[in-house]
Structure formats: structure tokens, C-alpha cells
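Heads up: the structure comes next, in C-alpha cells.
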Amino acid sequence: MEIQAYMAEARRVTDARLKELLPAETAYPEVIHQAMAYSVFAGGKRFRPMLCLAACEAVCGSWQPALDAACAMECIHTYSLIHDDLPGMDDDDYRRGKLTNHKVFGEGMAILAGDALLTYAFEILANLADETNSRQVVRIIQEVSRASGTAGMVGGQVVDILSEQTKPTAELLQYIHNHKTGALIVASTRMGAILGGADEVQLEALTQYARNLGLAFQITDDILDVVGDARKIGKPVGSDEKNEKATFPALFGLEQSRTMAADAVQAAVDALAPFGAAGATLAQLARYLLSRES
């Protein structure tokens with residue numbers, strides 16, 4: 001399957017399942033469920049769920065065992081975006097071409113919508129457990145918890161805030177990337193692999209793939225903030241420079257950053273060697289990063 005068709009189908013399946021899993025917007029208190037749905041269904045690429053599904057498929061030939069887990073990961077990712085956009089964080093008015101959550105529902109409700117999505121993600125994961133896979137589920141909950149907290153995404157966000165208006169270094173960028181962006185990408189991939197029944201050799205190969213993919217994702221994200229089209233990205237470009245954030249273009253320049261992204265993608269693809277043809281979709285997802293426009 002061509003990668004664009006695969007991505008479209010993965011988005012369709014993920015969105016359909018999210019609509020089944022999330023509380024109905026008519027359920028009392030309606031406003032919080034409406035705020036949750038507003039951001040979840042705001043048009044995201046579902047990249048992290050795709051990685052979860054594709055990793056599972058690479059291991060066992062089907063993405064079905066990982067579908068609910070992929071939805072849980074999208075809830076966590078969406079919570080992080082809602083909070084990132086708040087005035088106390090990046091203070092953004094638009095996300096994916098739409099008003100940010102706090103601009104529609106107010107700051108208090110946006111905070112609660114993010115909190116609710118994070119909490120609900122772990123309810124989804126806990127509901128995966130049965131007599132045959134309870135150890136797997138406990139393992140992925142542990143991994144996702146760590147990747148979401150101060151040892152992962154939250155820790156990276158903290159250092160990102162602290163690094164504003166300071167001279168970036170390679171070590172600082174690596175820390176921010178590995179935690180703020182890379183942690184959830186690695187967790188998404190490992191989660192799909194674990195639910196697919198991966199052995200330790202397969203799991204380590206997919207972990208190396210995801211670490212390099214996370215690096216490529218962050219570099220291309222930084223590049224798009226410099227040269228991207230605001231209409232395609234869905235929010236104004238140049239916010240990283242305005243906020244004096246530590247980014248790859250700021251430290252290495254655009255051309256070297258592009259080379260670094262290409263090298264990271266190649267390293268990700270190389271890590272898939274143990275999977276042969278079964279890793280083709282994951283390889284295509286990695287190469288897609290070099291041409292993405294949003």
C-alpha cells in the first residue's frame with residue numbers, strides 16, 4: 001500500500017475508534033466532553049497512532065491488537081497540545097488552522113480538557129487487560145507513564161521553557177528532543193510492538209528506529225517553523241524564533257539541519273533490517289518526514 005493511502009486508512013480507523021471510545025459530547029457535563037472532542041478531532045495527522053499500529057503490524061501482521069492503545073496515545077498527545085497552546089506556555093491562538101482550545105472554551109476548561117484526556121488515556125489502556133495479556137498491559141502503562149512524565153515529555157517541556165532566551169547547545173537540544181518529542185514517539189512504537197508480541201530483539205530494533213525517527217521528526221518540525229507555509233501548518237510560522245527557543249536551525253542552520261534529518265531517517269530505516277519486507281510501512285513513514293509540509 002502506498003504510504004499516503006496507508007496514512008489515510010490509519011487516520012480513518014483511529015478516528016472511528018476514538019469516536020467510540022471517548023465520552024459522548026452530550027454526556028453531562030457537556031462542555032468538558034465538547035472541549036475534549038474539539039481538539040481530538042481538529043484534524044491531526046495521527047502520526048503517533050500510526051507508529052503504534054505499524055509497529056504492531058510489523059511484528060504480528062495485524063494492527064488490530066494495538067488499535068485502542070493507539071487511540072490512548074492520541075489522547076495523550078492531544079492533551080499536550082492543548083496545554084502547550086495555553087497563555088502560560090506557548091500562548092498560541094491557532095492550532096491546525098482552528099482556534100486553540102482555550103480560545104474557544106476558556107483557559108480553565110482547556111486545562112481540564114487536557115487533564116481529562118490524559119486521565120482517560122490510562123483508562124483506555126487499563127481496559128485492555130484480560131487474563132492473557134495483563135503483563136503486557138502493565139508493561140505498556142509503565143512505559144507510557146514514564147514517557148509522559150518528568151522522565152519524558154513533561155521533563156522535556158520544562159527544559160524547553162527554561163532554555164528560552166539562552167544560547168542553545170547540542171546537548172540541550174538533544175535533551176529537549178529526546179524527552180519532549182522523542183519519548184512519546186518511542187513509547188508509541190514500543191507499545192505497538194509489545195502488543196503485537198515482539199521478542200526482545202524485535203523490540204530493540206524498533207526502539208532504535210523510533211529514537212532516530214523522533215530526532216528526524218523534531219528537526220523537520222523546527223525547519224517547518226522557519227520555512228513552512230502557515231496555511232498548511234495551520235498556525236503562524238516563526239514562533240520558535242520569536243520565543244527564542246532552542247532549535248536545530250538556530251544552532252546548525254537550515255542546510256545542516258536538513259542533512260541531519262536525512263541522516264536520522266536513514267538510521268531509522270537501517271534499524272528495520274531484521275524485519276525485512278514486514279518493516280516496509282515503517283520505513284515509508286520515516287521517509288515521509290523528509291517531504292512533509294505540516
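Starting from 1 in every chain, residues are counted up; chains themselves are A, B, ... following the order of the C-alpha cells, and ligands are numbered from 1 as listed.
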
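Within 8 Å of Tyr120 in chain A, once only C-alpha atoms are used and residues closer than 3 positions along the same chain are dropped, the contacting residues are Ala72, Cys75, Ala116, Leu117, Glu123 and Ile124 of chain A.
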
Write the residues you've just listed into a file as a compact mmCIF listing (two decimals), in the first residue's frame, and include N, CA and C atoms for each of them.
```
# COMPACT_ATOMS: atom_id res chain seq x y z
N ALA A 72 -5.33 5.73 22.75
CA ALA A 72 -4.89 6.28 24.04
C ALA A 72 -3.71 7.23 23.85
N CYS A 75 -4.83 10.55 22.63
CA CYS A 75 -5.39 11.35 23.71
C CYS A 75 -4.29 12.07 24.49
N ALA A 116 -8.39 15.76 31.44
CA ALA A 116 -9.33 14.67 31.22
C ALA A 116 -8.82 13.71 30.15
N LEU A 117 -8.22 14.23 29.09
CA LEU A 117 -7.70 13.36 28.03
C LEU A 117 -6.53 12.52 28.53
N GLU A 123 -7.30 5.07 31.33
CA GLU A 123 -8.48 4.21 31.46
C GLU A 123 -8.60 3.30 30.24
N ILE A 124 -8.35 3.85 29.05
CA ILE A 124 -8.38 3.05 27.83
C ILE A 124 -7.35 1.93 27.91
```

Neighbour list for Arg12 in chain A as number ranges by chain, cut-off 12 Å, only C-alpha atoms, skip fewer than 6 positions in-chain:
A: 5-6, 18-19, 41, 43-46, 49-50, 67, 71

Using DSSP assignments from the backbone, pull out every residue in range 85-227 of chain A that falls under helix (DSSP H, G or I) and give it to me as an MDAnalysis selection string. chainID A and resid 101:105 107:126 134:148 153:162 170:195 200:227

Hey, can you spit out that residue selection with C-alpha atoms as a compact mmCIF listing (two decimals), in the first residue's frame?
```txt
# COMPACT_ATOMS: atom_id res chain seq x y z
CA ASN A 101 -8.94 25.15 22.78
CA HIS A 102 -8.61 27.94 25.31
CA LYS A 103 -9.72 30.50 22.73
CA VAL A 104 -12.99 28.60 22.31
CA PHE A 105 -13.68 27.19 25.78
CA GLU A 107 -8.37 28.72 29.89
CA GLY A 108 -9.89 26.83 32.81
CA MET A 109 -11.87 24.46 30.62
CA ALA A 110 -8.88 23.93 28.30
CA ILE A 111 -6.73 22.90 31.26
CA LEU A 112 -9.44 20.49 32.39
CA ALA A 113 -9.89 19.11 28.86
CA GLY A 114 -6.18 18.30 28.74
CA ASP A 115 -6.31 16.75 32.21
CA ALA A 116 -9.33 14.67 31.22
CA LEU A 117 -7.70 13.36 28.03
CA LEU A 118 -4.53 12.36 29.86
CA THR A 119 -6.55 10.57 32.54
CA TYR A 120 -8.87 8.91 30.04
CA ALA A 121 -5.91 7.57 28.07
CA PHE A 122 -4.91 5.42 31.03
CA GLU A 123 -8.48 4.21 31.46
CA ILE A 124 -8.38 3.05 27.83
CA LEU A 125 -5.08 1.26 28.42
CA ALA A 126 -6.28 -0.37 31.65
CA SER A 134 -2.30 -8.44 31.71
CA ARG A 135 1.51 -8.45 31.91
CA GLN A 136 1.75 -6.72 28.52
CA VAL A 137 -0.77 -4.08 29.57
CA VAL A 138 1.03 -3.34 32.84
CA ARG A 139 4.28 -3.02 30.89
CA ILE A 140 2.86 -0.53 28.38
CA ILE A 141 1.19 1.51 31.13
CA GLN A 142 4.56 1.75 32.88
CA GLU A 143 6.27 2.80 29.64
CA VAL A 144 3.63 5.37 28.70
CA SER A 145 3.58 6.80 32.22
CA ARG A 146 7.34 7.32 32.15
CA ALA A 147 7.29 8.73 28.62
CA SER A 148 4.57 11.22 29.55
CA MET A 153 7.60 14.69 27.68
CA VAL A 154 6.96 16.90 30.72
CA GLY A 155 10.66 16.98 31.56
CA GLY A 156 11.48 17.99 28.00
CA GLN A 157 8.87 20.73 28.09
CA VAL A 158 10.34 22.05 31.35
CA VAL A 159 13.84 22.27 29.89
CA ASP A 160 12.42 23.83 26.71
CA ILE A 161 10.85 26.60 28.79
CA LEU A 162 13.98 27.08 30.87
CA ALA A 170 23.87 20.46 21.06
CA GLU A 171 23.49 18.78 24.45
CA LEU A 172 20.50 20.94 25.35
CA LEU A 173 18.80 20.25 22.04
CA GLN A 174 19.38 16.52 22.43
CA TYR A 175 17.80 16.51 25.87
CA ILE A 176 14.77 18.50 24.75
CA HIS A 177 14.29 16.34 21.65
CA ASN A 178 14.70 13.03 23.46
CA HIS A 179 12.15 13.97 26.09
CA LYS A 180 9.63 16.49 24.74
CA THR A 181 9.11 14.87 21.33
CA GLY A 182 11.05 11.63 21.18
CA ALA A 183 9.66 10.00 24.32
CA LEU A 184 6.10 9.64 23.03
CA ILE A 185 7.30 8.54 19.59
CA VAL A 186 9.42 5.80 21.16
CA ALA A 187 6.60 4.81 23.52
CA SER A 188 4.06 4.65 20.68
CA THR A 189 6.32 2.35 18.67
CA ARG A 190 7.28 0.12 21.58
CA MET A 191 3.66 -0.10 22.72
CA GLY A 192 2.54 -1.40 19.34
CA ALA A 193 5.43 -3.86 19.24
CA ILE A 194 4.70 -5.20 22.73
CA LEU A 195 1.01 -5.68 21.97
CA GLU A 200 13.43 -8.54 22.75
CA VAL A 201 15.45 -8.42 19.51
CA GLN A 202 12.48 -7.01 17.59
CA LEU A 203 11.70 -4.57 20.40
CA GLU A 204 15.27 -3.24 20.49
CA ALA A 205 15.32 -2.80 16.70
CA LEU A 206 12.05 -0.85 16.82
CA THR A 207 13.33 1.23 19.72
CA GLN A 208 16.37 2.29 17.69
CA TYR A 209 14.09 3.01 14.76
CA ALA A 210 11.85 5.20 16.90
CA ARG A 211 14.70 7.13 18.54
CA ASN A 212 16.10 8.11 15.16
CA LEU A 213 12.61 8.83 13.85
CA GLY A 214 11.93 11.10 16.80
CA LEU A 215 15.09 13.05 16.02
CA ALA A 216 14.10 13.41 12.37
CA PHE A 217 10.59 14.49 13.38
CA GLN A 218 11.86 17.24 15.67
CA ILE A 219 14.39 18.55 13.16
CA THR A 220 11.78 18.73 10.39
CA ASP A 221 9.35 20.37 12.81
CA ASP A 222 11.95 23.04 13.61
CA ILE A 223 12.63 23.55 9.90
CA LEU A 224 8.93 23.99 9.13
CA ASP A 225 8.70 26.71 11.76
CA VAL A 226 11.28 28.63 9.71
CA VAL A 227 10.30 27.91 6.09
```

Students should find that CA of Gly106 in chain A and CA of Ala42 in chain A are spaced 16.9 Å

query: Can you list every residue in range 64-293 of chain A that DSSP puts in strand (DSSP E), as a PyMOL selection string?
result: chain A and resi 94-95+98-99

Min atom-atom distance to Leu21 in chain A from the set A:Ala70, A:Ala55, A:Ala261, A:Leu272, counting only C-alpha atoms, belongs to A:Ala70

Write out as a PyMOL selection string each polymer residue whose atoms come within 9 Å of His33 in chain A, counting only C-alpha atoms; drop sequence neighbours fewer than 3 positions from it. chain A and resi 22-30+36-38+113+116

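Distances to Ser62 in chain A were evaluated for A:Ser291, A:Leu282, A:Gln256, A:Gly196 using only C-alpha atoms, and the minimum falls at A:Gly196.
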